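Structure record follows, encoded as structure tokens.
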Amino acid sequence: MPTLREEVITEGTAVTFADLSIDGMSCEMMCGGSIKKALAKVPGVSSTVIAFDESPEAVDHAIVTFDPTVVDQARLVETVEGLFDGQYK
């Protein structure tokens, strides 16, 4: 289940971060790059950072900055899970 954290700000533009735990990544360059590229195409996503750990028990993450008035968490998850015949969960 993705984590959604909201913070109250008093100036600037409000953004939302989603920390998506991703199962099925085997490398940062190809897997992480594909996920990052797919999320960049989703309207409302402003940035994605991939946190990849090579150890077998580690959980990999995509930390996505997005505008919740344009896109929701479900669409972000759908985008990741739709890659490579559902390779990523």
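Letters A, B, ... go to the chains of the structure tokens in the order shown; residues in each chain start at 1; ligands are counted from 1 in the same order.
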Fewer than 5 positions away in the same chain doesn't count, so skip those; otherwise give me all residues within 10 Å of stretch 15-27 of chain A, counting only C-alpha atoms, as a PDB file with N, CA, C and O atoms, in the first residue's frame.
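Okay, result-v6.pdb is ready:
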ATOM      1  N   MET A   1       0.848  -1.174   0.000  1.00  0.00           N
ATOM      2  CA  MET A   1       0.000   0.000   0.000  1.00  0.00           C
ATOM      3  C   MET A   1       0.890   1.233   0.000  1.00  0.00           C
ATOM      4  O   MET A   1       1.802   1.349   0.806  1.00  0.00           O
ATOM      5  N   PRO A   2       0.687   2.158  -0.936  1.00  0.00           N
ATOM      6  CA  PRO A   2       1.494   3.364  -0.984  1.00  0.00           C
ATOM      7  C   PRO A   2       1.246   4.257   0.235  1.00  0.00           C
ATOM      8  O   PRO A   2       0.192   4.195   0.849  1.00  0.00           O
ATOM      9  N   THR A   3       2.241   5.048   0.541  1.00  0.00           N
ATOM     10  CA  THR A   3       2.145   5.975   1.657  1.00  0.00           C
ATOM     11  C   THR A   3       1.887   7.369   1.106  1.00  0.00           C
ATOM     12  O   THR A   3       2.571   7.804   0.192  1.00  0.00           O
ATOM     13  N   LEU A   4       0.908   8.046   1.657  1.00  0.00           N
ATOM     14  CA  LEU A   4       0.607   9.412   1.250  1.00  0.00           C
ATOM     15  C   LEU A   4       0.838  10.307   2.455  1.00  0.00           C
ATOM     16  O   LEU A   4       0.333  10.032   3.546  1.00  0.00           O
ATOM     17  N   ARG A   5       1.654  11.351   2.265  1.00  0.00           N
ATOM     18  CA  ARG A   5       1.929  12.277   3.356  1.00  0.00           C
ATOM     19  C   ARG A   5       1.621  13.679   2.873  1.00  0.00           C
ATOM     20  O   ARG A   5       2.075  14.090   1.819  1.00  0.00           O
ATOM     21  N   GLU A   6       0.839  14.385   3.636  1.00  0.00           N
ATOM     22  CA  GLU A   6       0.520  15.767   3.290  1.00  0.00           C
ATOM     23  C   GLU A   6       1.085  16.685   4.361  1.00  0.00           C
ATOM     24  O   GLU A   6       1.065  16.352   5.538  1.00  0.00           O
ATOM     25  N   GLU A   7       1.604  17.835   3.921  1.00  0.00           N
ATOM     26  CA  GLU A   7       2.129  18.824   4.852  1.00  0.00           C
ATOM     27  C   GLU A   7       1.468  20.161   4.563  1.00  0.00           C
ATOM     28  O   GLU A   7       1.224  20.503   3.414  1.00  0.00           O
ATOM     29  N   VAL A   8       1.194  20.911   5.605  1.00  0.00           N
ATOM     30  CA  VAL A   8       0.599  22.236   5.454  1.00  0.00           C
ATOM     31  C   VAL A   8       1.725  23.225   5.183  1.00  0.00           C
ATOM     32  O   VAL A   8       2.729  23.254   5.888  1.00  0.00           O
ATOM     33  N   ILE A   9       1.555  24.017   4.120  1.00  0.00           N
ATOM     34  CA  ILE A   9       2.530  25.061   3.811  1.00  0.00           C
ATOM     35  C   ILE A   9       1.810  26.399   3.800  1.00  0.00           C
ATOM     36  O   ILE A   9       0.608  26.464   3.578  1.00  0.00           O
ATOM     37  N   GLY A  32      14.296   0.963 -12.882  1.00  0.00           N
ATOM     38  CA  GLY A  32      14.016   2.275 -12.304  1.00  0.00           C
ATOM     39  C   GLY A  32      13.804   3.330 -13.375  1.00  0.00           C
ATOM     40  O   GLY A  32      12.918   4.182 -13.277  1.00  0.00           O
ATOM     41  N   GLY A  33      14.622   3.263 -14.439  1.00  0.00           N
ATOM     42  CA  GLY A  33      14.486   4.213 -15.531  1.00  0.00           C
ATOM     43  C   GLY A  33      13.148   4.088 -16.245  1.00  0.00           C
ATOM     44  O   GLY A  33      12.519   5.083 -16.600  1.00  0.00           O
ATOM     45  N   ILE A  35      10.320   2.910 -14.972  1.00  0.00           N
ATOM     46  CA  ILE A  35       9.273   3.383 -14.054  1.00  0.00           C
ATOM     47  C   ILE A  35       9.259   4.914 -14.029  1.00  0.00           C
ATOM     48  O   ILE A  35       8.212   5.543 -14.142  1.00  0.00           O
ATOM     49  N   GLY A  44       0.308  15.771 -14.264  1.00  0.00           N
ATOM     50  CA  GLY A  44       0.247  16.091 -12.842  1.00  0.00           C
ATOM     51  C   GLY A  44       1.467  15.624 -12.064  1.00  0.00           C
ATOM     52  O   GLY A  44       1.693  16.061 -10.940  1.00  0.00           O
ATOM     53  N   VAL A  45       2.279  14.740 -12.637  1.00  0.00           N
ATOM     54  CA  VAL A  45       3.507  14.284 -11.974  1.00  0.00           C
ATOM     55  C   VAL A  45       4.617  15.266 -12.305  1.00  0.00           C
ATOM     56  O   VAL A  45       4.879  15.554 -13.463  1.00  0.00           O
ATOM     57  N   SER A  46       5.274  15.790 -11.258  1.00  0.00           N
ATOM     58  CA  SER A  46       6.348  16.751 -11.506  1.00  0.00           C
ATOM     59  C   SER A  46       7.733  16.145 -11.350  1.00  0.00           C
ATOM     60  O   SER A  46       8.689  16.628 -11.953  1.00  0.00           O
ATOM     61  N   SER A  47       7.869  15.067 -10.551  1.00  0.00           N
ATOM     62  CA  SER A  47       9.172  14.411 -10.432  1.00  0.00           C
ATOM     63  C   SER A  47       9.020  13.024  -9.807  1.00  0.00           C
ATOM     64  O   SER A  47       8.039  12.743  -9.118  1.00  0.00           O
ATOM     65  N   THR A  48      10.014  12.193 -10.083  1.00  0.00           N
ATOM     66  CA  THR A  48      10.062  10.850  -9.500  1.00  0.00           C
ATOM     67  C   THR A  48      11.510  10.543  -9.150  1.00  0.00           C
ATOM     68  O   THR A  48      12.412  10.770  -9.955  1.00  0.00           O
ATOM     69  N   VAL A  49      11.722  10.022  -7.952  1.00  0.00           N
ATOM     70  CA  VAL A  49      13.043   9.571  -7.517  1.00  0.00           C
ATOM     71  C   VAL A  49      12.925   8.086  -7.235  1.00  0.00           C
ATOM     72  O   VAL A  49      12.005   7.651  -6.534  1.00  0.00           O
ATOM     73  N   ILE A  50      13.845   7.300  -7.775  1.00  0.00           N
ATOM     74  CA  ILE A  50      13.858   5.861  -7.543  1.00  0.00           C
ATOM     75  C   ILE A  50      14.862   5.558  -6.437  1.00  0.00           C
ATOM     76  O   ILE A  50      16.011   5.978  -6.501  1.00  0.00           O
ATOM     77  N   ALA A  51      14.411   4.829  -5.422  1.00  0.00           N
ATOM     78  CA  ALA A  51      15.277   4.393  -4.329  1.00  0.00           C
ATOM     79  C   ALA A  51      15.417   2.877  -4.456  1.00  0.00           C
ATOM     80  O   ALA A  51      14.510   2.132  -4.106  1.00  0.00           O
ATOM     81  N   PHE A  52      16.557   2.433  -5.022  1.00  0.00           N
ATOM     82  CA  PHE A  52      16.789   1.025  -5.295  1.00  0.00           C
ATOM     83  C   PHE A  52      17.869   0.486  -4.369  1.00  0.00           C
ATOM     84  O   PHE A  52      18.896   1.116  -4.159  1.00  0.00           O
ATOM     85  N   ASP A  53      17.637  -0.702  -3.819  1.00  0.00           N
ATOM     86  CA  ASP A  53      18.601  -1.372  -2.951  1.00  0.00           C
ATOM     87  C   ASP A  53      18.793  -2.786  -3.488  1.00  0.00           C
ATOM     88  O   ASP A  53      17.823  -3.521  -3.650  1.00  0.00           O
ATOM     89  N   GLU A  54      20.032  -3.165  -3.774  1.00  0.00           N
ATOM     90  CA  GLU A  54      20.317  -4.459  -4.393  1.00  0.00           C
ATOM     91  C   GLU A  54      20.131  -5.660  -3.477  1.00  0.00           C
ATOM     92  O   GLU A  54      20.063  -6.783  -3.957  1.00  0.00           O
ATOM     93  N   PRO A  56      18.527  -8.628  -1.480  1.00  0.00           N
ATOM     94  CA  PRO A  56      17.298  -9.361  -1.809  1.00  0.00           C
ATOM     95  C   PRO A  56      16.102  -9.069  -0.904  1.00  0.00           C
ATOM     96  O   PRO A  56      14.965  -9.140  -1.340  1.00  0.00           O
ATOM     97  N   ALA A  58      15.455  -6.182   0.528  1.00  0.00           N
ATOM     98  CA  ALA A  58      15.114  -4.756   0.502  1.00  0.00           C
ATOM     99  C   ALA A  58      13.851  -4.499  -0.306  1.00  0.00           C
ATOM    100  O   ALA A  58      13.516  -5.232  -1.222  1.00  0.00           O
ATOM    101  N   VAL A  59      13.158  -3.434   0.071  1.00  0.00           N
ATOM    102  CA  VAL A  59      11.989  -2.976  -0.670  1.00  0.00           C
ATOM    103  C   VAL A  59      12.407  -1.730  -1.443  1.00  0.00           C
ATOM    104  O   VAL A  59      12.964  -0.795  -0.877  1.00  0.00           O
ATOM    105  N   ASP A  60      12.158  -1.743  -2.736  1.00  0.00           N
ATOM    106  CA  ASP A  60      12.497  -0.595  -3.571  1.00  0.00           C
ATOM    107  C   ASP A  60      11.325   0.373  -3.607  1.00  0.00           C
ATOM    108  O   ASP A  60      10.180  -0.013  -3.378  1.00  0.00           O
ATOM    109  N   HIS A  61      11.621   1.637  -3.901  1.00  0.00           N
ATOM    110  CA  HIS A  61      10.594   2.680  -3.845  1.00  0.00           C
ATOM    111  C   HIS A  61      10.686   3.626  -5.036  1.00  0.00           C
ATOM    112  O   HIS A  61      11.756   3.844  -5.583  1.00  0.00           O
ATOM    113  N   ALA A  62       9.553   4.201  -5.366  1.00  0.00           N
ATOM    114  CA  ALA A  62       9.484   5.354  -6.266  1.00  0.00           C
ATOM    115  C   ALA A  62       8.823   6.456  -5.447  1.00  0.00           C
ATOM    116  O   ALA A  62       7.707   6.287  -4.951  1.00  0.00           O
ATOM    117  N   ILE A  63       9.522   7.546  -5.261  1.00  0.00           N
ATOM    118  CA  ILE A  63       8.976   8.684  -4.528  1.00  0.00           C
ATOM    119  C   ILE A  63       8.535   9.697  -5.584  1.00  0.00           C
ATOM    120  O   ILE A  63       9.357  10.223  -6.328  1.00  0.00           O
ATOM    121  N   VAL A  64       7.225   9.908  -5.655  1.00  0.00           N
ATOM    122  CA  VAL A  64       6.622  10.689  -6.724  1.00  0.00           C
ATOM    123  C   VAL A  64       6.052  11.993  -6.170  1.00  0.00           C
ATOM    124  O   VAL A  64       5.311  11.979  -5.186  1.00  0.00           O
ATOM    125  N   THR A  65       6.397  13.097  -6.794  1.00  0.00           N
ATOM    126  CA  THR A  65       5.825  14.399  -6.464  1.00  0.00           C
ATOM    127  C   THR A  65       4.758  14.682  -7.512  1.00  0.00           C
ATOM    128  O   THR A  65       5.032  14.608  -8.712  1.00  0.00           O
ATOM    129  N   PHE A  66       3.543  14.975  -7.045  1.00  0.00           N
ATOM    130  CA  PHE A  66       2.449  15.167  -7.995  1.00  0.00           C
ATOM    131  C   PHE A  66       1.423  16.163  -7.483  1.00  0.00           C
ATOM    132  O   PHE A  66       1.397  16.503  -6.305  1.00  0.00           O
ATOM    133  N   ASP A  67       0.582  16.614  -8.403  1.00  0.00           N
ATOM    134  CA  ASP A  67      -0.503  17.538  -8.099  1.00  0.00           C
ATOM    135  C   ASP A  67      -1.774  16.706  -7.935  1.00  0.00           C
ATOM    136  O   ASP A  67      -2.274  16.149  -8.918  1.00  0.00           O
ATOM    137  N   PRO A  68      -2.313  16.618  -6.721  1.00  0.00           N
ATOM    138  CA  PRO A  68      -3.485  15.776  -6.479  1.00  0.00           C
ATOM    139  C   PRO A  68      -4.770  16.295  -7.121  1.00  0.00           C
ATOM    140  O   PRO A  68      -5.761  15.576  -7.176  1.00  0.00           O
ATOM    141  N   THR A  69      -4.742  17.509  -7.637  1.00  0.00           N
ATOM    142  CA  THR A  69      -5.922  18.008  -8.354  1.00  0.00           C
ATOM    143  C   THR A  69      -5.942  17.503  -9.803  1.00  0.00           C
ATOM    144  O   THR A  69      -6.942  17.638 -10.493  1.00  0.00           O
ATOM    145  N   ASP A  72      -4.363  11.057  -9.160  1.00  0.00           N
ATOM    146  CA  ASP A  72      -4.437  10.477  -7.820  1.00  0.00           C
ATOM    147  C   ASP A  72      -3.477   9.292  -7.687  1.00  0.00           C
ATOM    148  O   ASP A  72      -2.884   8.842  -8.665  1.00  0.00           O
ATOM    149  N   GLN A  73      -3.334   8.810  -6.461  1.00  0.00           N
ATOM    150  CA  GLN A  73      -2.428   7.695  -6.173  1.00  0.00           C
ATOM    151  C   GLN A  73      -2.755   6.454  -6.986  1.00  0.00           C
ATOM    152  O   GLN A  73      -1.858   5.746  -7.426  1.00  0.00           O
ATOM    153  N   LEU A  76      -1.134   6.490 -10.289  1.00  0.00           N
ATOM    154  CA  LEU A  76       0.312   6.270 -10.206  1.00  0.00           C
ATOM    155  C   LEU A  76       0.605   4.775 -10.100  1.00  0.00           C
ATOM    156  O   LEU A  76       1.476   4.244 -10.794  1.00  0.00           O
ATOM    157  N   VAL A  77      -0.121   4.093  -9.230  1.00  0.00           N
ATOM    158  CA  VAL A  77       0.052   2.652  -9.039  1.00  0.00           C
ATOM    159  C   VAL A  77      -0.289   1.914 -10.341  1.00  0.00           C
ATOM    160  O   VAL A  77       0.440   1.011 -10.768  1.00  0.00           O
ATOM    161  N   VAL A  80       2.585   2.122 -12.860  1.00  0.00           N
ATOM    162  CA  VAL A  80       3.710   1.237 -12.544  1.00  0.00           C
ATOM    163  C   VAL A  80       3.330  -0.219 -12.810  1.00  0.00           C
ATOM    164  O   VAL A  80       4.082  -0.961 -13.439  1.00  0.00           O
ATOM    165  N   GLU A  81       2.165  -0.624 -12.356  1.00  0.00           N
ATOM    166  CA  GLU A  81       1.745  -2.018 -12.529  1.00  0.00           C
ATOM    167  C   GLU A  81       1.457  -2.367 -13.985  1.00  0.00           C
ATOM    168  O   GLU A  81       1.465  -3.539 -14.356  1.00  0.00           O
ATOM    169  N   GLY A  86       2.850  -6.335 -16.180  1.00  0.00           N
ATOM    170  CA  GLY A  86       2.609  -6.445 -14.741  1.00  0.00           C
ATOM    171  C   GLY A  86       3.806  -6.913 -13.932  1.00  0.00           C
ATOM    172  O   GLY A  86       3.641  -7.433 -12.829  1.00  0.00           O
ATOM    173  N   GLN A  87       5.020  -6.720 -14.456  1.00  0.00           N
ATOM    174  CA  GLN A  87       6.234  -7.163 -13.759  1.00  0.00           C
ATOM    175  C   GLN A  87       6.380  -6.510 -12.384  1.00  0.00           C
ATOM    176  O   GLN A  87       6.872  -7.136 -11.451  1.00  0.00           O
ATOM    177  N   TYR A  88       5.957  -5.262 -12.272  1.00  0.00           N
ATOM    178  CA  TYR A  88       6.136  -4.521 -11.010  1.00  0.00           C
ATOM    179  C   TYR A  88       4.831  -4.495 -10.233  1.00  0.00           C
ATOM    180  O   TYR A  88       3.788  -4.240 -10.772  1.00  0.00           O
ATOM    181  N   LYS A  89       4.927  -4.708  -8.960  1.00  0.00           N
ATOM    182  CA  LYS A  89       3.764  -4.677  -8.065  1.00  0.00           C
ATOM    183  C   LYS A  89       3.996  -3.666  -6.972  1.00  0.00           C
ATOM    184  O   LYS A  89       5.062  -3.487  -6.497  1.00  0.00           O
TER     185      LYS A  89
END
Subject >> Per-residue DSSP, chain A, filtered to strand (DSSP E), as a list in words >> reply: Thr3, Leu4, Arg5, Thr16, Phe17, Ala18, Asp19, Leu20, Ser21, Ile22, Val45, Ser46, Ser47, Thr48, Val49, Ile50, Ala51, Asp60, His61, Ala62, Ile63, Val64, Thr65 and Phe66 of chain A
Looking only at helix (DSSP H, G or I) from DSSP on the backbone, list the matching residues of chain A as an mmCIF file with all heavy atoms, in the first residue's frame.
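Listing of part.cif after writing:
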data_model
loop_
_atom_site.group_PDB
_atom_site.id
_atom_site.type_symbol
_atom_site.label_atom_id
_atom_site.label_comp_id
_atom_site.auth_asym_id
_atom_site.auth_seq_id
_atom_site.Cartn_x
_atom_site.Cartn_y
_atom_site.Cartn_z
ATOM 1 N N GLU A 28 18.480 -0.521 -11.010
ATOM 2 C CA GLU A 28 18.079 0.884 -10.938
ATOM 3 C C GLU A 28 18.029 1.530 -12.317
ATOM 4 O O GLU A 28 17.141 2.323 -12.611
ATOM 5 C CB GLU A 28 19.041 1.660 -10.042
ATOM 6 C CG GLU A 28 18.618 3.085 -9.821
ATOM 7 C CD GLU A 28 19.446 3.796 -8.762
ATOM 8 O OE1 GLU A 28 20.421 3.220 -8.267
ATOM 9 O OE2 GLU A 28 19.092 4.930 -8.441
ATOM 10 N N MET A 29 18.964 1.163 -13.181
ATOM 11 C CA MET A 29 19.057 1.819 -14.486
ATOM 12 C C MET A 29 17.881 1.463 -15.403
ATOM 13 O O MET A 29 17.170 2.348 -15.854
ATOM 14 C CB MET A 29 20.386 1.459 -15.173
ATOM 15 C CG MET A 29 21.595 2.040 -14.468
ATOM 16 S SD MET A 29 21.585 3.837 -14.424
ATOM 17 C CE MET A 29 21.991 4.180 -16.113
ATOM 18 N N MET A 30 17.679 0.201 -15.690
ATOM 19 C CA MET A 30 16.631 -0.200 -16.642
ATOM 20 C C MET A 30 15.253 -0.183 -15.978
ATOM 21 O O MET A 30 14.339 0.461 -16.469
ATOM 22 C CB MET A 30 16.929 -1.593 -17.212
ATOM 23 C CG MET A 30 18.153 -1.614 -18.098
ATOM 24 S SD MET A 30 17.993 -0.585 -19.565
ATOM 25 C CE MET A 30 16.841 -1.541 -20.498
ATOM 26 N N CYS A 31 15.100 -0.915 -14.885
ATOM 27 C CA CYS A 31 13.791 -0.983 -14.208
ATOM 28 C C CYS A 31 13.397 0.388 -13.674
ATOM 29 O O CYS A 31 12.312 0.886 -13.950
ATOM 30 C CB CYS A 31 13.827 -1.991 -13.065
ATOM 31 S SG CYS A 31 14.075 -3.698 -13.573
ATOM 32 N N GLY A 32 14.296 0.963 -12.882
ATOM 33 C CA GLY A 32 14.016 2.275 -12.304
ATOM 34 C C GLY A 32 13.804 3.330 -13.375
ATOM 35 O O GLY A 32 12.918 4.182 -13.277
ATOM 36 N N GLY A 33 14.622 3.263 -14.439
ATOM 37 C CA GLY A 33 14.486 4.213 -15.531
ATOM 38 C C GLY A 33 13.148 4.088 -16.245
ATOM 39 O O GLY A 33 12.519 5.083 -16.600
ATOM 40 N N SER A 34 12.692 2.845 -16.442
ATOM 41 C CA SER A 34 11.398 2.620 -17.102
ATOM 42 C C SER A 34 10.249 3.148 -16.261
ATOM 43 O O SER A 34 9.309 3.762 -16.783
ATOM 44 C CB SER A 34 11.190 1.126 -17.359
ATOM 45 O OG SER A 34 12.139 0.647 -18.268
ATOM 46 N N ILE A 35 10.320 2.910 -14.972
ATOM 47 C CA ILE A 35 9.273 3.383 -14.054
ATOM 48 C C ILE A 35 9.259 4.914 -14.029
ATOM 49 O O ILE A 35 8.212 5.543 -14.142
ATOM 50 C CB ILE A 35 9.471 2.792 -12.650
ATOM 51 C CG1 ILE A 35 9.205 1.283 -12.686
ATOM 52 C CG2 ILE A 35 8.602 3.494 -11.621
ATOM 53 C CD1 ILE A 35 9.655 0.530 -11.451
ATOM 54 N N LYS A 36 10.435 5.485 -13.913
ATOM 55 C CA LYS A 36 10.556 6.943 -13.863
ATOM 56 C C LYS A 36 10.015 7.578 -15.153
ATOM 57 O O LYS A 36 9.282 8.561 -15.113
ATOM 58 C CB LYS A 36 12.031 7.298 -13.648
ATOM 59 C CG LYS A 36 12.294 8.688 -13.202
ATOM 60 C CD LYS A 36 13.757 8.843 -12.827
ATOM 61 C CE LYS A 36 14.027 10.244 -12.372
ATOM 62 N NZ LYS A 36 15.384 10.423 -11.897
ATOM 63 N N LYS A 37 10.367 6.998 -16.285
ATOM 64 C CA LYS A 37 9.937 7.513 -17.586
ATOM 65 C C LYS A 37 8.415 7.418 -17.734
ATOM 66 O O LYS A 37 7.770 8.356 -18.196
ATOM 67 C CB LYS A 37 10.619 6.707 -18.683
ATOM 68 C CG LYS A 37 10.469 7.246 -20.053
ATOM 69 C CD LYS A 37 11.229 6.331 -21.016
ATOM 70 C CE LYS A 37 11.694 7.065 -22.223
ATOM 71 N NZ LYS A 37 12.449 6.199 -23.143
ATOM 72 N N ALA A 38 7.836 6.296 -17.325
ATOM 73 C CA ALA A 38 6.383 6.113 -17.426
ATOM 74 C C ALA A 38 5.645 7.103 -16.532
ATOM 75 O O ALA A 38 4.644 7.703 -16.943
ATOM 76 C CB ALA A 38 6.002 4.684 -17.058
ATOM 77 N N LEU A 39 6.138 7.299 -15.305
ATOM 78 C CA LEU A 39 5.477 8.230 -14.389
ATOM 79 C C LEU A 39 5.616 9.670 -14.863
ATOM 80 O O LEU A 39 4.712 10.487 -14.662
ATOM 81 C CB LEU A 39 6.024 8.063 -12.970
ATOM 82 C CG LEU A 39 5.591 6.785 -12.257
ATOM 83 C CD1 LEU A 39 6.422 6.558 -10.994
ATOM 84 C CD2 LEU A 39 4.108 6.819 -11.937
ATOM 85 N N ALA A 40 6.725 10.004 -15.531
ATOM 86 C CA ALA A 40 6.935 11.362 -16.034
ATOM 87 C C ALA A 40 5.890 11.732 -17.091
ATOM 88 O O ALA A 40 5.582 12.906 -17.281
ATOM 89 C CB ALA A 40 8.337 11.504 -16.621
ATOM 90 N N GLN A 73 -3.334 8.810 -6.461
ATOM 91 C CA GLN A 73 -2.428 7.695 -6.173
ATOM 92 C C GLN A 73 -2.755 6.454 -6.986
ATOM 93 O O GLN A 73 -1.858 5.746 -7.426
ATOM 94 C CB GLN A 73 -2.523 7.317 -4.692
ATOM 95 C CG GLN A 73 -1.603 8.045 -3.800
ATOM 96 C CD GLN A 73 -1.623 7.397 -2.441
ATOM 97 O OE1 GLN A 73 -0.584 6.977 -1.988
ATOM 98 N NE2 GLN A 73 -2.756 7.297 -1.774
ATOM 99 N N ALA A 74 -4.027 6.188 -7.160
ATOM 100 C CA ALA A 74 -4.441 4.987 -7.892
ATOM 101 C C ALA A 74 -3.880 5.002 -9.310
ATOM 102 O O ALA A 74 -3.420 3.977 -9.822
ATOM 103 C CB ALA A 74 -5.960 4.885 -7.917
ATOM 104 N N ARG A 75 -3.876 6.158 -9.947
ATOM 105 C CA ARG A 75 -3.342 6.271 -11.314
ATOM 106 C C ARG A 75 -1.841 6.037 -11.335
ATOM 107 O O ARG A 75 -1.297 5.445 -12.270
ATOM 108 C CB ARG A 75 -3.684 7.653 -11.886
ATOM 109 C CG ARG A 75 -3.109 7.921 -13.241
ATOM 110 C CD ARG A 75 -3.831 7.085 -14.319
ATOM 111 N NE ARG A 75 -3.344 7.435 -15.626
ATOM 112 C CZ ARG A 75 -2.561 6.658 -16.368
ATOM 113 N NH1 ARG A 75 -2.204 5.468 -15.942
ATOM 114 N NH2 ARG A 75 -2.136 7.064 -17.545
ATOM 115 N N LEU A 76 -1.134 6.490 -10.289
ATOM 116 C CA LEU A 76 0.312 6.270 -10.206
ATOM 117 C C LEU A 76 0.605 4.775 -10.100
ATOM 118 O O LEU A 76 1.476 4.244 -10.794
ATOM 119 C CB LEU A 76 0.901 7.021 -9.010
ATOM 120 C CG LEU A 76 0.693 8.534 -8.967
ATOM 121 C CD1 LEU A 76 1.269 9.109 -7.681
ATOM 122 C CD2 LEU A 76 1.281 9.211 -10.188
ATOM 123 N N VAL A 77 -0.121 4.093 -9.230
ATOM 124 C CA VAL A 77 0.052 2.652 -9.039
ATOM 125 C C VAL A 77 -0.289 1.914 -10.341
ATOM 126 O O VAL A 77 0.440 1.011 -10.768
ATOM 127 C CB VAL A 77 -0.808 2.139 -7.862
ATOM 128 C CG1 VAL A 77 -0.803 0.621 -7.797
ATOM 129 C CG2 VAL A 77 -0.322 2.746 -6.549
ATOM 130 N N GLU A 78 -1.373 2.303 -10.965
ATOM 131 C CA GLU A 78 -1.806 1.712 -12.242
ATOM 132 C C GLU A 78 -0.715 1.834 -13.306
ATOM 133 O O GLU A 78 -0.460 0.901 -14.067
ATOM 134 C CB GLU A 78 -3.033 2.490 -12.718
ATOM 135 C CG GLU A 78 -4.144 1.709 -13.312
ATOM 136 C CD GLU A 78 -5.319 2.656 -13.554
ATOM 137 O OE1 GLU A 78 -5.240 3.490 -14.493
ATOM 138 O OE2 GLU A 78 -6.297 2.559 -12.807
ATOM 139 N N THR A 79 -0.084 2.973 -13.355
ATOM 140 C CA THR A 79 0.981 3.218 -14.328
ATOM 141 C C THR A 79 2.146 2.264 -14.107
ATOM 142 O O THR A 79 2.651 1.652 -15.049
ATOM 143 C CB THR A 79 1.457 4.683 -14.244
ATOM 144 O OG1 THR A 79 0.360 5.537 -14.554
ATOM 145 C CG2 THR A 79 2.607 4.959 -15.204
ATOM 146 N N VAL A 80 2.585 2.122 -12.860
ATOM 147 C CA VAL A 80 3.710 1.237 -12.544
ATOM 148 C C VAL A 80 3.330 -0.219 -12.810
ATOM 149 O O VAL A 80 4.082 -0.961 -13.439
ATOM 150 C CB VAL A 80 4.170 1.427 -11.077
ATOM 151 C CG1 VAL A 80 5.214 0.386 -10.692
ATOM 152 C CG2 VAL A 80 4.713 2.837 -10.870
ATOM 153 N N GLU A 81 2.165 -0.624 -12.356
ATOM 154 C CA GLU A 81 1.745 -2.018 -12.529
ATOM 155 C C GLU A 81 1.457 -2.367 -13.985
ATOM 156 O O GLU A 81 1.465 -3.539 -14.356
ATOM 157 C CB GLU A 81 0.534 -2.323 -11.654
ATOM 158 C CG GLU A 81 0.880 -2.354 -10.184
ATOM 159 C CD GLU A 81 -0.285 -2.700 -9.290
ATOM 160 O OE1 GLU A 81 -1.464 -2.599 -9.725
ATOM 161 O OE2 GLU A 81 -0.032 -3.071 -8.135
ATOM 162 N N LEU A 83 3.350 -1.653 -16.512
ATOM 163 C CA LEU A 83 4.590 -1.815 -17.265
ATOM 164 C C LEU A 83 4.982 -3.287 -17.408
ATOM 165 O O LEU A 83 4.834 -4.073 -16.462
ATOM 166 C CB LEU A 83 5.729 -1.067 -16.568
ATOM 167 C CG LEU A 83 5.636 0.446 -16.566
ATOM 168 C CD1 LEU A 83 6.691 1.027 -15.642
ATOM 169 C CD2 LEU A 83 5.784 0.998 -17.959
ATOM 170 N N PHE A 84 5.488 -3.646 -18.558
ATOM 171 C CA PHE A 84 6.070 -4.973 -18.809
ATOM 172 C C PHE A 84 5.188 -6.122 -18.325
ATOM 173 O O PHE A 84 5.620 -6.983 -17.559
ATOM 174 C CB PHE A 84 7.467 -5.073 -18.204
ATOM 175 C CG PHE A 84 8.402 -4.002 -18.688
ATOM 176 C CD1 PHE A 84 8.863 -3.027 -17.830
ATOM 177 C CD2 PHE A 84 8.771 -3.935 -20.014
ATOM 178 C CE1 PHE A 84 9.710 -2.016 -18.281
ATOM 179 C CE2 PHE A 84 9.608 -2.929 -20.477
ATOM 180 C CZ PHE A 84 10.081 -1.971 -19.606
ATOM 181 N N ASP A 85 3.944 -6.111 -18.776
ATOM 182 C CA ASP A 85 2.985 -7.184 -18.448
ATOM 183 C C ASP A 85 2.819 -7.411 -16.948
ATOM 184 O O ASP A 85 2.706 -8.546 -16.492
ATOM 185 C CB ASP A 85 3.398 -8.497 -19.127
ATOM 186 C CG ASP A 85 3.349 -8.401 -20.642
ATOM 187 O OD1 ASP A 85 2.430 -7.742 -21.175
ATOM 188 O OD2 ASP A 85 4.232 -8.990 -21.309
ATOM 189 N N GLY A 86 2.850 -6.335 -16.180
ATOM 190 C CA GLY A 86 2.609 -6.445 -14.741
ATOM 191 C C GLY A 86 3.806 -6.913 -13.932
ATOM 192 O O GLY A 86 3.641 -7.433 -12.829
#
